[in-house]
file protein33.pdb (PDB, C-alpha atoms)
ATOM      1  CA  MET A  31     -30.995  -4.972  43.867
ATOM      2  CA  ARG A  32     -28.440  -3.498  41.515
ATOM      3  CA  TYR A  33     -24.784  -4.501  41.475
ATOM      4  CA  PRO A  34     -22.429  -1.517  41.558
ATOM      5  CA  GLN A  35     -20.242  -2.809  38.723
ATOM      6  CA  GLY A  36     -23.138  -3.046  36.237
ATOM      7  CA  GLY A  37     -23.887  -5.947  33.940
ATOM      8  CA  GLY A  38     -22.310  -7.448  30.839
ATOM      9  CA  LEU A  39     -18.624  -7.835  30.100
ATOM     10  CA  THR A  40     -16.194  -5.423  31.647
ATOM     11  CA  ALA A  41     -13.874  -3.472  29.357
ATOM     12  CA  GLU A  42     -10.968  -5.565  30.643
ATOM     13  CA  ARG A  43     -12.790  -8.813  29.764
ATOM     14  CA  GLN A  44     -13.641  -7.482  26.281
ATOM     15  CA  ARG A  45      -9.962  -6.641  25.688
ATOM     16  CA  PHE A  46      -8.981 -10.141  26.874
ATOM     17  CA  ARG A  47     -11.363 -11.792  24.405
ATOM     18  CA  GLU A  48     -10.095  -9.610  21.584
ATOM     19  CA  ARG A  49      -6.495 -10.551  22.493
ATOM     20  CA  VAL A  50      -7.433 -14.270  22.284
ATOM     21  CA  ARG A  51      -8.787 -13.751  18.771
ATOM     22  CA  MET A  52      -5.623 -11.937  17.676
ATOM     23  CA  GLU A  53      -3.454 -14.721  19.133
ATOM     24  CA  ALA A  54      -5.482 -17.162  17.054
ATOM     25  CA  VAL A  55      -4.762 -15.082  13.928
ATOM     26  CA  ALA A  56      -1.028 -15.253  14.654
ATOM     27  CA  MET A  57      -1.313 -19.028  14.986
ATOM     28  CA  PHE A  58      -3.240 -19.258  11.685
ATOM     29  CA  ALA A  59      -0.374 -17.433   9.973
ATOM     30  CA  ALA A  60       2.091 -19.911  11.532
ATOM     31  CA  GLY A  61       0.112 -22.780   9.986
ATOM     32  CA  ARG A  62      -1.078 -24.428  13.204
ATOM     33  CA  GLY A  63      -4.128 -26.694  13.325
ATOM     34  CA  SER A  64      -7.515 -25.752  14.744
ATOM     35  CA  THR A  65      -7.461 -28.381  17.489
ATOM     36  CA  ASP A  66      -4.059 -27.248  18.786
ATOM     37  CA  ILE A  67      -5.129 -23.599  18.744
ATOM     38  CA  ALA A  68      -8.403 -24.371  20.538
ATOM     39  CA  LYS A  69      -6.581 -26.351  23.230
ATOM     40  CA  GLU A  70      -3.953 -23.695  23.813
ATOM     41  CA  LEU A  71      -6.393 -20.753  23.866
ATOM     42  CA  ARG A  72      -9.054 -22.724  25.778
ATOM     43  CA  VAL A  73     -11.847 -22.073  23.286
ATOM     44  CA  SER A  74     -14.022 -24.379  21.205
ATOM     45  CA  VAL A  75     -12.712 -25.866  17.974
ATOM     46  CA  ARG A  76     -15.811 -24.484  16.210
ATOM     47  CA  SER A  77     -14.898 -20.921  17.245
ATOM     48  CA  VAL A  78     -11.379 -21.394  15.897
ATOM     49  CA  GLN A  79     -12.790 -22.738  12.624
ATOM     50  CA  ARG A  80     -15.129 -19.739  12.336
ATOM     51  CA  TRP A  81     -12.282 -17.310  13.001
ATOM     52  CA  ARG A  82     -10.027 -19.091  10.493
ATOM     53  CA  HIS A  83     -12.709 -18.897   7.795
ATOM     54  CA  ALA A  84     -13.217 -15.157   8.433
ATOM     55  CA  TRP A  85      -9.437 -14.614   8.397
ATOM     56  CA  ARG A  86      -9.069 -16.393   5.032
ATOM     57  CA  GLU A  87     -11.955 -14.431   3.517
ATOM     58  CA  ALA A  88     -11.167 -10.895   4.710
ATOM     59  CA  GLY A  89      -8.018 -10.834   6.822
ATOM     60  CA  GLN A  90      -7.296  -9.924  10.415
ATOM     61  CA  ASP A  91      -9.980  -7.234  10.742
ATOM     62  CA  ALA A  92     -12.707  -9.794   9.962
ATOM     63  CA  VAL A  93     -11.774 -11.725  13.095
ATOM     64  CA  ARG A  94     -12.255  -8.724  15.381
ATOM     65  CA  SER A  95     -15.382  -8.692  17.520
ATOM     66  CA  ARG A  96     -18.301  -6.808  16.035
ATOM     67  CA  GLY A  97     -20.117  -6.440  19.364
ATOM     68  CA  PRO A  98     -23.393  -8.082  20.365
ATOM     69  CA  ALA A  99     -25.205 -10.241  17.815
ATOM     70  CA  SER A 100     -28.382  -8.169  17.950
ATOM     71  CA  ARG A 101     -29.539  -4.808  19.152
ATOM     72  CA  PRO A 102     -31.395  -4.774  22.454
ATOM     73  CA  LYS A 103     -35.154  -4.166  22.395
ATOM     74  CA  LEU A 104     -34.742  -1.308  24.855
ATOM     75  CA  SER A 105     -32.026   1.232  24.119
ATOM     76  CA  GLU A 106     -29.897   2.629  26.931
ATOM     77  CA  SER A 107     -32.112   5.715  27.205
ATOM     78  CA  LEU A 108     -35.295   3.604  27.334
ATOM     79  CA  PHE A 109     -33.723   1.304  29.925
ATOM     80  CA  ALA A 110     -32.924   4.382  32.044
ATOM     81  CA  VAL A 111     -36.630   5.294  31.887
ATOM     82  CA  LEU A 112     -37.519   1.703  32.863
ATOM     83  CA  GLU A 113     -35.184   1.950  35.864
ATOM     84  CA  GLU A 114     -36.966   5.122  36.969
ATOM     85  CA  GLU A 115     -40.309   3.335  36.686
ATOM     86  CA  LEU A 116     -38.991   0.334  38.642
ATOM     87  CA  ALA A 117     -37.701   2.678  41.346
ATOM     88  CA  LYS A 118     -41.240   4.028  41.837
ATOM     89  CA  GLY A 119     -42.288   0.551  42.933
ATOM     90  CA  PRO A 120     -45.057  -1.838  41.886
ATOM     91  CA  VAL A 121     -47.713  -0.104  43.994
ATOM     92  CA  ALA A 122     -47.283   3.084  41.951
ATOM     93  CA  HIS A 123     -48.157   1.035  38.873
ATOM     94  CA  GLY A 124     -51.299  -0.527  40.338
ATOM     95  CA  TRP A 125     -50.112  -3.792  41.918
ATOM     96  CA  PRO A 126     -51.163  -4.542  45.493
ATOM     97  CA  ASP A 127     -47.711  -5.361  46.940
ATOM     98  CA  GLN A 128     -44.063  -4.296  46.682
ATOM     99  CA  ARG A 129     -42.869  -7.261  44.623
ATOM    100  CA  TRP A 130     -41.439  -6.940  41.119
ATOM    101  CA  THR A 131     -41.870 -10.126  39.097
ATOM    102  CA  LEU A 132     -40.787 -10.710  35.507
ATOM    103  CA  ALA A 133     -44.438 -10.868  34.468
ATOM    104  CA  ARG A 134     -45.105  -7.472  36.056
ATOM    105  CA  ILE A 135     -42.028  -5.961  34.429
ATOM    106  CA  LYS A 136     -43.201  -7.396  31.089
ATOM    107  CA  THR A 137     -46.584  -5.716  31.584
ATOM    108  CA  LEU A 138     -44.871  -2.439  32.515
ATOM    109  CA  ILE A 139     -42.687  -2.566  29.380
ATOM    110  CA  GLY A 140     -45.767  -3.234  27.257
ATOM    111  CA  ARG A 141     -47.721  -0.346  28.814
ATOM    112  CA  ARG A 142     -44.881   2.165  28.877
ATOM    113  CA  PHE A 143     -42.940   1.409  25.674
ATOM    114  CA  HIS A 144     -45.447  -0.618  23.598
ATOM    115  CA  LYS A 145     -42.897  -3.396  23.154
ATOM    116  CA  SER A 146     -43.251  -7.122  23.744
ATOM    117  CA  MET A 147     -40.471  -9.158  25.311
ATOM    118  CA  THR A 148     -40.243 -12.715  26.605
ATOM    119  CA  LEU A 149     -39.728 -13.339  30.304
ATOM    120  CA  SER A 150     -36.290 -14.851  29.672
ATOM    121  CA  GLY A 151     -35.385 -11.846  27.495
ATOM    122  CA  ILE A 152     -36.371  -9.506  30.320
ATOM    123  CA  SER A 153     -34.365 -11.559  32.811
ATOM    124  CA  GLN A 154     -31.268 -11.447  30.586
ATOM    125  CA  MET A 155     -31.662  -7.710  29.985
ATOM    126  CA  LEU A 156     -31.923  -7.019  33.714
ATOM    127  CA  ARG A 157     -28.874  -9.204  34.472
ATOM    128  CA  ARG A 158     -26.901  -7.448  31.716
ATOM    129  CA  HIS A 159     -27.611  -4.138  33.430
ATOM    130  CA  GLY A 160     -26.604  -5.446  36.857
ATOM    131  CA  TRP A 161     -29.976  -6.244  38.415
ATOM    132  CA  SER A 162     -30.382  -9.369  40.534
ATOM    133  CA  HIS A 163     -33.310 -11.363  41.936
ATOM    134  CA  GLN A 164     -35.133  -9.904  44.891
ATOM    135  CA  VAL A 165     -34.359 -11.728  48.102
ATOM    136  CA  PRO A 166     -36.109 -10.964  51.392
ATOM    137  CA  ALA A 167     -33.814  -9.113  53.780
ATOM    138  CA  ARG A 168     -35.262 -10.936  56.803
ATOM    139  CA  ARG A 169     -37.737 -13.659  57.708
ATOM    140  CA  ALA A 170     -41.393 -12.874  58.145
ATOM    141  CA  VAL A 171     -42.397 -11.816  61.655
ATOM    142  CA  GLU A 172     -45.382 -14.174  61.474
ATOM    143  CA  ARG A 173     -43.198 -17.267  60.927
ATOM    144  CA  ASP A 174     -43.744 -19.908  63.613
ATOM    145  CA  GLU A 175     -40.579 -22.021  63.869
ATOM    146  CA  ALA A 176     -42.275 -24.678  66.039
ATOM    147  CA  ALA A 177     -45.062 -25.155  63.479
ATOM    148  CA  VAL A 178     -42.525 -25.413  60.645
ATOM    149  CA  ALA A 179     -40.493 -28.011  62.547
ATOM    150  CA  GLY A 180     -43.656 -30.007  63.319
ATOM    151  CA  TRP A 181     -44.738 -29.930  59.689
ATOM    152  CA  VAL A 182     -41.317 -31.132  58.504
ATOM    153  CA  LYS A 183     -41.367 -33.959  61.071
ATOM    154  CA  ASP A 184     -45.013 -35.101  60.757
ATOM    155  CA  VAL A 185     -46.413 -34.088  57.345
ATOM    156  CA  TRP A 186     -43.440 -34.040  54.983
ATOM    157  CA  PRO A 187     -42.593 -37.769  55.264
ATOM    158  CA  HIS A 188     -46.141 -38.597  54.074
ATOM    159  CA  VAL A 189     -46.037 -36.092  51.203
ATOM    160  CA  GLU A 190     -42.584 -37.042  49.933
ATOM    161  CA  THR A 191     -42.515 -39.970  47.519
ATOM    162  CA  PRO A 192     -40.684 -42.931  49.030
ATOM    163  CA  ARG A 193     -37.274 -43.827  47.637
ATOM    164  CA  ARG A 194     -36.998 -46.942  45.524
ATOM    165  CA  ARG A 195     -35.583 -49.874  47.398
ATOM    166  CA  SER A 196     -32.293 -51.100  46.064
ATOM    167  CA  GLY A 197     -32.362 -54.544  44.607
ATOM    168  CA  PRO A 198     -31.869 -56.398  41.393
ATOM    169  CA  GLY A 199     -33.084 -54.396  38.450
ATOM    170  CA  SER A 200     -33.605 -54.804  34.764
ATOM    171  CA  SER A 201     -32.109 -52.884  31.898
ATOM    172  CA  SER A 202     -35.149 -53.665  29.758
ATOM    173  CA  LYS A 203     -37.618 -50.778  29.521
ATOM    174  CA  THR A 204     -40.245 -52.912  27.843
ATOM    175  CA  LYS A 205     -40.142 -55.840  30.281
ATOM    176  CA  PRO A 206     -39.168 -54.478  33.684
ATOM    177  CA  ALA A 207     -40.601 -57.568  35.417
ATOM    178  CA  SER A 208     -38.165 -59.937  33.696
ATOM    179  CA  ARG A 209     -35.355 -60.062  36.225
TER     180      ARG A 209
END

call {"tool": "encode", "arguments": {"input": "protein33.pdb", "output": "structure tokens"}}
result
Amino acid sequence: MRYPQGGGLTAERQRFRERVRMEAVAMFAAGRGSTDIAKELRVSVRSVQRWRHAWREAGQDAVRSRGPASRPKLSESLFAVLEEELAKGPVAHGWPDQRWTLARIKTLIGRRFHKSMTLSGISQMLRRHGWSHQVPARRAVERDEAAVAGWVKDVWPHVETPRRRSGPGSSSKTKPASR
């Protein structure tokens, strides 16, 4: 499923973050401390220290955002091609069912673009472009509610590990029996 607003930061959110950085620059010029600035702008002290160092070295323009830290493996045009391939469905690419998994998408990217990506990298890329996890729209027709309820009542208590009884304990990891 694709969200209509797309992924990543909105233009409004990018402008907000840039405004925070410029407020920090104004506070640097006023001689304020990093901890005070971080508290007031609700950012980490480390970020303020990084911005201050860049400001001292090269001025206000050095504090401006330079965009993402790295270029994506798939450019916007290649991602558009990937979206077309995903729209065709997994069956069109040789899988037996209509389920896209990260592993299948990784295989598709390798076959189609000759690029290797990690599963978490693929997940992040899809989220950035507004894709979400697949969730079934309805329950399976074959589902037997009575059988599920019976299993939860009869089988699950035997499968589940019993909870530890409360009682006097020991803080010693090496001698737990010494109570």

call {"tool": "closest_residue", "arguments": {"input": "protein33.pdb", "among": "A:Arg43, A:Arg94, A:Lys145, A:Arg158", "to": "Trp81 in chain A", "atoms": "only C-alpha atoms"}}
result
A:Arg94

call {"tool": "residues_around", "arguments": {"input": "protein33.pdb", "residues": "Ile67 in chain A", "least_positions_apart": "3", "cutoff": "8 Å", "atoms": "all atoms listed in the file", "output": "MDAnalysis selection string"}}
result
chainID A and resid 54 57 62:64 70:71 75 78

call {"tool": "write_last_selection", "arguments": {"input": "protein33.pdb", "atoms": "C-alpha atoms", "output": "compact mmCIF listing (two decimals), keeping the file's coordinate frame"}}
result
# COMPACT_ATOMS: atom_id res chain seq x y z
CA ALA A 54 -5.48 -17.16 17.05
CA MET A 57 -1.31 -19.03 14.99
CA ARG A 62 -1.08 -24.43 13.20
CA GLY A 63 -4.13 -26.69 13.32
CA SER A 64 -7.52 -25.75 14.74
CA GLU A 70 -3.95 -23.70 23.81
CA LEU A 71 -6.39 -20.75 23.87
CA VAL A 75 -12.71 -25.87 17.97
CA VAL A 78 -11.38 -21.39 15.90

call {"tool": "axis_aligned_box", "arguments": {"input": "protein33.pdb", "around": "range 152-163 of chain A", "padding_each_side": "5 Å", "output": "JSON"}}
result
{"center_x": -31.5, "center_y": -7.8, "center_z": 36.0, "size_x": 19.8, "size_y": 17.4, "size_z": 22.0}

call {"tool": "resolve_selection", "arguments": {"input": "protein33.pdb", "expression": "the PyMOL selection byres ((chain A and resi 83-93) around 9)", "output": "list in words"}}
result
Glu48, Arg51, Met52, Val55, Phe58, Val78, Gln79, Arg80, Trp81, Arg82, Arg94, Ser95 and Arg96 of chain A

call {"tool": "atom_distance", "arguments": {"input": "protein33.pdb", "atom1": "CA of Arg142 in chain A", "atom2": "CA of Leu156 in chain A"}}
result
16.6 Å

call {"tool": "closest_residue", "arguments": {"input": "protein33.pdb", "among": "A:Arg193, A:Pro120, A:Glu53, A:Met155", "to": "Arg101 in chain A", "atoms": "all atoms listed in the file"}}
result
A:Met155

call {"tool": "residues_around", "arguments": {"input": "protein33.pdb", "residues": "Ser153 in chain A", "least_positions_apart": "6", "cutoff": "10 Å", "atoms": "only C-alpha atoms", "output": "VMD selection string"}}
result
chain A and resid 131 to 132 135 to 136 147 161 to 163

call {"tool": "closest_residue", "arguments": {"input": "protein33.pdb", "among": "A:Ala68, A:Ala133, A:Ile139, A:Ala170", "to": "Val111 in chain A", "atoms": "all atoms listed in the file"}}
result
A:Ile139

call {"tool": "atom_distance", "arguments": {"input": "protein33.pdb", "atom1": "CA of Gln44 in chain A", "atom2": "CA of Val73 in chain A"}}
result
15.0 Å
